[in-house]
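Structure record follows, encoded as structure tokens.
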Number of protein chains: 4
Amino acid sequence: MAQPWEGIVSADEIAAYEAAGFGRPQGMGKRPALLIIDVQYRTVGTKREPFWDAIKEFKTACGEPGWRAVDHIAPLLALFRELNLPVIYPYVSPKESFDVGRLAEKVPALMKVAANGYQFVPEVAPREQDILLPKKHPSAFFGTPLVSYLVDLGVDSLVVTGCTTSGCVRGSVVDGFAYNFRCTVPIECVYDRSATSHAVNLFDMAAKYADVKPVAEVMAELRALGAK
Amino acid sequence: MAQPWEGIVSADEIAAYEAAGFGRPQGMGKRPALLIIDVQYRTVGTKREPFWDAIKEFKTACGEPGWRAVDHIAPLLALFRELNLPVIYPYVSPKESFDVGRLAEKVPALMKVAANGYQFVPEVAPREQDILLPKKHPSAFFGTPLVSYLVDLGVDSLVVTGCTTSGCVRGSVVDGFAYNFRCTVPIECVYDRSATSHAVNLFDMAAKYADVKPVAEVMAELRALGAK
Amino acid sequence: MAQPWEGIVSADEIAAYEAAGFGRPQGMGKRPALLIIDVQYRTVGTKREPFWDAIKEFKTACGEPGWRAVDHIAPLLALFRELNLPVIYPYVSPKESFDVGRLAEKVPALMKVAANGYQFVPEVAPREQDILLPKKHPSAFFGTPLVSYLVDLGVDSLVVTGCTTSGCVRGSVVDGFAYNFRCTVPIECVYDRSATSHAVNLFDMAAKYADVKPVAEVMAELRALGAK
Amino acid sequence: MAQPWEGIVSADEIAAYEAAGFGRPQGMGKRPALLIIDVQYRTVGTKREPFWDAIKEFKTACGEPGWRAVDHIAPLLALFRELNLPVIYPYVSPKESFDVGRLAEKVPALMKVAANGYQFVPEVAPREQDILLPKKHPSAFFGTPLVSYLVDLGVDSLVVTGCTTSGCVRGSVVDGFAYNFRCTVPIECVYDRSATSHAVNLFDMAAKYADVKPVAEVMAELRALGAK
């Protein structure tokens with residue numbers, strides 16, 4: 001199957017990474033947790049619309065690519081629940097008066113999202129016992145007790161979904177990798193507002209930090225785990 | 001001046017980010033520190049050669065683009081020294097028997113670099129009083145006391161140079177941003193083994209985490225600071 | 001003035017620390033922030049009562065010593081507000097179904113506090129613009145974005161108040177010290193359920209991590225700062 | 001058996017903690033690692049001497065109580081090696097020109113230790129494959145990649161030894177607890193320059209963060225684990 005970055009990253013560059021020895025697979029661990037990052041109305045919109053319509057509702061919305069990802073996260077989430085594996089929701093909570101700093105300067109639109117934008121998308125919303133993890137910064141690990149939850153749950157690997165590929169997903173994968181959790185990114189389950197940035201961030205993560213593969217393969221690996 | 005990502009990230013995508021409100025400038029702070037990340041022989045080679053020759057010496061070498069960046073880091077470093085501003089060298093130290101984990105699995109070549117590969121490139125090497133910061137993971141902040149040094153020095157902003165744009169530079173900028181340090185990336189002073197990944201990571205950082213600008217502009221800002 | 005640990009830590013031990021060179025003063029920085037840690041009904045009780053009565057209301061209450069500390073925090077807080085210096089409230093939020101782990105095992109009573117126990121004590125409650133910092137672990141720094149707030153505010157020092165001296169205060173001071181913030185503990189403004197532990201933790205902090213001094217001296221230093 | 005804090009912490013205070021519900025046991029996990037913190041000549045002296053003689057060699061030395069702890073750490077270490085469980089050495093490396101900040105101000109003597117003071121005490125020194133963890137701050141977790149090693153090793157619990165009870169041991173236990181590792185402190189294997197501070201810090205840790213028990217019990221638990 002063609003990789004999502006083919007045609008964007010050149011064959012020469014792919015060969016260079018190959019020659020330098022990047023991109024070896026890690027494999028799934030024995031006890032993965034699912035991260036569903038920022039899948040809230042503010043990142044997809046309250047209804048299925050193309051990007052340019054979606055941002056009229058929320059400037060932060062990715063529109064249609066987000067909804068396609070939701071379609072793929074839903075059965076993956078169902079499988080995690082079936083296998084009784086942990087599900088964690090890193091998310092952005094409504095901004096408060098003291099939430100200023102670099103983020104507010106760099107992307108002021110993030111500070112003015114309507115209240116309903118913070119609702120979880122119902123198709124993949126949390127249930128009782130799922131871990132809710134409010135965060136103020138891109139990575140799900142930064143300034144949060146995420147590692148403490150993972151240690152307590154005996155988790156050794158992460159399946160990372162949600163948005164954006166080039167933002168919070170990438171940041172969380174880089175940190176998860178540094179903490180030595182095995183990270184897997186199911187391609188169809190992450191989304192971004194830029195197709196190029198989406199593809200190149202998948203390339204970067206596949207080369208250096210994570211196994212990046214079709215969600216069907218990820219689900220097959222999970223089922224194999226569950227069968228043990 | 002053309003941005004380095006033009007022609008790679010489409011005009012449509014750039015317009016989408018613009019419409020979503022990304023990429024506002026932050027400005028330099030009042031007391032910046034210079035980070036020179038991983039500018040060691042292992043990332044450029046011991047002599048100026050194109051990528052495909054350089055990787056024969058060290059699999060981790062970026063070759064010619066690395067040396068061009070060194071040419072630009074040298075005068076920037078001289079300016080930091082002239083202004084008596086802090087200079088910090090996050091770097092990779094030789095691997096030890098217990099250095100295993102995800103990094104060793106993902107990029108095994110990183111574990112077998114010859115000893116001279118760990119030497120700092122002489123043109124931009126540390127001096128007495130500079131801060132040396134050995135690190136095991138991509139971000140200069142991860143598993144290091146970098147924040148403690150920055151707090152003690154009263155630093156409020158970072159000028160981030162070195163390599164790779166899509167690896168340790170990106171990781172350090174994302175963390176620096178999350179810690180609320182104002183981050184600036186001087187375009188000519190960072191390097192990568194993939195031109196596409198280099199450009200798109202500059203785009204991502206400019207949109208979300210940092211001011212990304214020509215080194216001449218950065219040096220003018222620093223001189224203006226020093227004149228106060 | 002007698003130190004609070006005299007008579008508990010022996011003169012010999014104090015001499016040993018002296019001989020080893022511990023306990024040098026650091027001085028207040030130029031821009032301190034006030035931390036008011038866990039001053040909620042659950043740590044003092046809803047009314048002024050001795051310890052053995054207070055724990056009938058909340059097992060986590062310290063009773064009378066807590067209320068005496070509140071009396072001393074109130075004017076200190078007023079001075080921070082007058083000087084327009086940052087005020088931060090690290091606090092424990094109501095436990096959720098997924099809040100399990102070592103804390104729940106070690107001190108199960110912490111998991112069953114009535115809802116009104118989480119209210120801030122009105123005499124020293126937060127106002128608009130103060131920073132609210134929910135936390136899951138003892139140190140105000142652990143798993144929270146506290147450092148990001150401090151960097152953004154240009155803070156270089158912390159005045160640490162609240163409870164308990166041997167728990168969250170001690171943990172926050174050790175971390176603040178490690179991050180290189182100058183830490184000051186105003187003796188009358190921290191409280192504990194054990195007088196011995198309170199005194200010895202003040203001794204430890206004075207020897208190794210913080211300036212520990214009467215609140216009147218701390219307020220005089222703050223006024224001197226404000227006068228500049 | 002009498003607890004080490006009896007006679008220092010009053011019966012009333014112990015009853016108060018009991019009533020408040022503190023100090024429940026956690027139990028050892030399934031895969032513990034041994035931390036041997038700062039057991040270097042600088043903390044015990046090069047020969048077995050009482051405190052007041054030992055500090056003539058190194059101001060940072062604890063003398064005789066340190067050597068007694070070494071006697072107890074040695075068989076515990078042998079057991080970890082026999083059971084093929086991980087052994088980690090957080091330690092202080094020689095100070096460099098840029099090592100300034102709060103530590104240097106608070107305890108200047110720490111900055112002027114002779115070179116041989118940094119040697120590991122031979123009776124419990126590291127071997128090939130053990131993890132060496134240089135640190136700049138009290139807690140073994142602060143500014144180090146310790147968590148990454150523990151995640152990679154699948155460790156769920158820590159047995160914490162070395163010195164000082166009231167300094168780096170306490171700091172590491174508080175952080176280990178917050179990360180949800182099960183922490184055990186074998187009483188005879190930790191040491192301090194103050195007997196009171198040693199005892200009260202054991203009390204604090206037993207009440208809030210760790211299982212504190214005789215080393216013989218800890219070794220029996222480890223053998224039971226190994227027998228499974």
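Ordering of the structure tokens sets the chain letters (A, B, ...); residue numbers start at 1 within each chain; ligands are numbered from 1 in the order shown.
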Could you build a table of the residues in chain D lying no more than 6 Å from chain B, giving for each the nearest pair of atoms and their separation in Å rounded to one decimal place, using only C-alpha atoms, ordered by chain and ascending residue number, as CSV?
```
residue,atom,partner,partner_atom,distance
D:Ser97,CA,B:Gln129,CA,5.7
D:Phe98,CA,B:Gln129,CA,5.4
D:Gly101,CA,B:Asp152,CA,5.8
D:Gln129,CA,B:Phe98,CA,5.4
D:Ile131,CA,B:Phe98,CA,5.8
D:Gly143,CA,B:Pro145,CA,4.1
D:Thr144,CA,B:Gly143,CA,4.1
D:Pro145,CA,B:Gly143,CA,4.1
D:Asp152,CA,B:Gly101,CA,5.8
```
Convert the current residue selection to file output with N, CA and C atoms, as a CSV table (one decimal), in the first residue's frame.
```csv
chain,number,residue,atom,x,y,z
D,97,SER,N,31.6,24.4,35.9
D,97,SER,CA,31.6,25.9,36.1
D,97,SER,C,30.2,26.5,36.0
D,98,PHE,N,29.3,25.8,35.3
D,98,PHE,CA,28.0,26.4,35.1
D,98,PHE,C,27.0,25.9,36.1
D,101,GLY,N,23.2,28.4,41.0
D,101,GLY,CA,21.8,28.4,41.3
D,101,GLY,C,21.5,28.2,42.7
D,129,GLN,N,25.9,-2.9,32.8
D,129,GLN,CA,24.5,-3.0,32.7
D,129,GLN,C,23.6,-2.3,33.7
D,131,ILE,N,22.2,0.8,35.6
D,131,ILE,CA,21.9,2.2,35.0
D,131,ILE,C,22.5,3.2,35.9
D,143,GLY,N,14.8,16.3,36.4
D,143,GLY,CA,15.8,16.7,35.3
D,143,GLY,C,16.6,15.5,34.9
D,144,THR,N,16.0,14.3,35.0
D,144,THR,CA,16.7,13.0,34.5
D,144,THR,C,15.7,12.2,33.8
D,145,PRO,N,16.2,11.3,33.0
D,145,PRO,CA,15.3,10.4,32.2
D,145,PRO,C,14.9,9.1,33.0
D,152,ASP,N,10.7,1.5,30.2
D,152,ASP,CA,11.3,0.5,29.3
D,152,ASP,C,11.5,-0.8,30.0
```
Practice item. Write down as a VMD selection string the residues of region 104-152 of chain D whose backbone DSSP state falls under helix (DSSP H, G or I). Key: chain D and resid 104 to 106 108 to 111 115 to 118 122 to 124 146 to 152
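Residue nearest Lys213 (chain D), chosen from D:Met28, D:Ile37, D:Val9, D:Ile88 and counting only C-alpha atoms: D:Met28.
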Exercise for review: Kindly give the distance, in Å, that separates CA of Glu57 (chain D) and CA of Gly45 (chain D), rounded to a single decimal.
Suggested key: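 CA of Gly45 (chain D) lies 6.6 Å from CA of Glu57 (chain D).
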Practice item. Return the single residue from A:Gly23, A:Gly29, A:Gly63, A:Pro4 that is closest to Leu222 (chain A), with distances computed using only C-alpha atoms. Key: A:Gly29
Review point. What is the distance between CA of Ala125 (chain C) and CA of Tyr17 (chain D), in Å to one decimal?
Key: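 Those two atoms sit 27.2 Å apart.
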Exercise for review: Identify, on the basis of only C-alpha atoms, every residue whose closest approach to Cys62 (chain C) does not exceed 12 Å; exclude the query and any residue fewer than 3 positions from it along the same chain; express the result as a VMD selection string.
Suggested key: (chain C and resid 38 to 59 65 to 70 162 to 165 190 to 195 198) or (chain D and resid 13 16 to 17 19 to 20)
**Study point:** Close residues, Lys208 (chain A) itself excluded, 12 Å, only C-alpha atoms, min 5 positions apart in chain, as a ChimeraX atom specification
**Key:** /A:17-18,20-26,170,173-174,177-178,182-184,201-203 /B:102-110,137-138,164,166-168,171
Exercise for review: Determine which residues of region 92-190 of chain D DSSP labels as strand (DSSP E) from the backbone of this structure, then write them out as a list in words.
Suggested key: Val92, Ile131, Leu132, Leu133, Pro134, Lys135, Ser157, Leu158, Val159, Val160, Thr161, Gly162, Cys163, Arg182, Cys183, Thr184, Val185, Pro186 and Val190 of chain D
Exercise for review: Return the single residue from D:Val92, D:Ala61, D:Ala2, D:Leu225 that is closest to Leu133 (chain D), with distances computed using only C-alpha atoms.
Suggested key: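 Among the listed residues, D:Val92 lies closest to Leu133 (chain D).
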Exercise for review: With a distance cut-off of 8 Å and only C-alpha atoms, select the neighbouring residues of Val212 (chain B), excluding the residue or stretch itself and same-chain residues fewer than 6 positions from it, and output the selection as a list in words.
Suggested key: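 Counting only C-alpha atoms, the residues come to Thr184, Val185, Pro186, Ile187, Leu202, Met205 and Ala206 of chain B.
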Just the selected residues (C-alpha atoms), exported as a CSV table (one decimal), in the first residue's frame, please.
```csv
chain,number,residue,atom,x,y,z
B,184,THR,CA,12.7,32.0,17.5
B,185,VAL,CA,14.1,29.8,14.8
B,186,PRO,CA,16.6,31.5,12.5
B,187,ILE,CA,15.9,29.7,9.2
B,202,LEU,CA,9.5,25.2,9.6
B,205,MET,CA,6.7,25.9,13.9
B,206,ALA,CA,5.9,29.2,12.3
```
Exercise for review: Find the residues around Pro94 (chain B) up to 8 Å (only C-alpha atoms counted), leave out those fewer than 6 positions away in its own chain, and share them as a PyMOL selection string.
Suggested key: chain B and resi 113+115+118
File dump, residues just selected, N, CA and C atoms, as a PDB file, in the first residue's frame:
```
ATOM      1  N   VAL B 113      27.607   5.006  16.704  1.00  0.00           N
ATOM      2  CA  VAL B 113      28.369   6.117  16.132  1.00  0.00           C
ATOM      3  C   VAL B 113      29.793   6.080  16.706  1.00  0.00           C
ATOM      4  N   ALA B 115      33.406   7.181  18.156  1.00  0.00           N
ATOM      5  CA  ALA B 115      33.628   8.113  19.269  1.00  0.00           C
ATOM      6  C   ALA B 115      33.842   9.557  18.800  1.00  0.00           C
ATOM      7  N   TYR B 118      31.047  12.300  18.416  1.00  0.00           N
ATOM      8  CA  TYR B 118      30.446  13.055  19.520  1.00  0.00           C
ATOM      9  C   TYR B 118      31.148  14.379  19.789  1.00  0.00           C
TER      10      TYR B 118
END
```
Check your understanding: Separation of CA of Val124 (chain B) and CA of Ile73 (chain B), in Å?
Key ->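 Between CA of Val124 (chain B) and CA of Ile73 (chain B) the gap is 7.1 Å.
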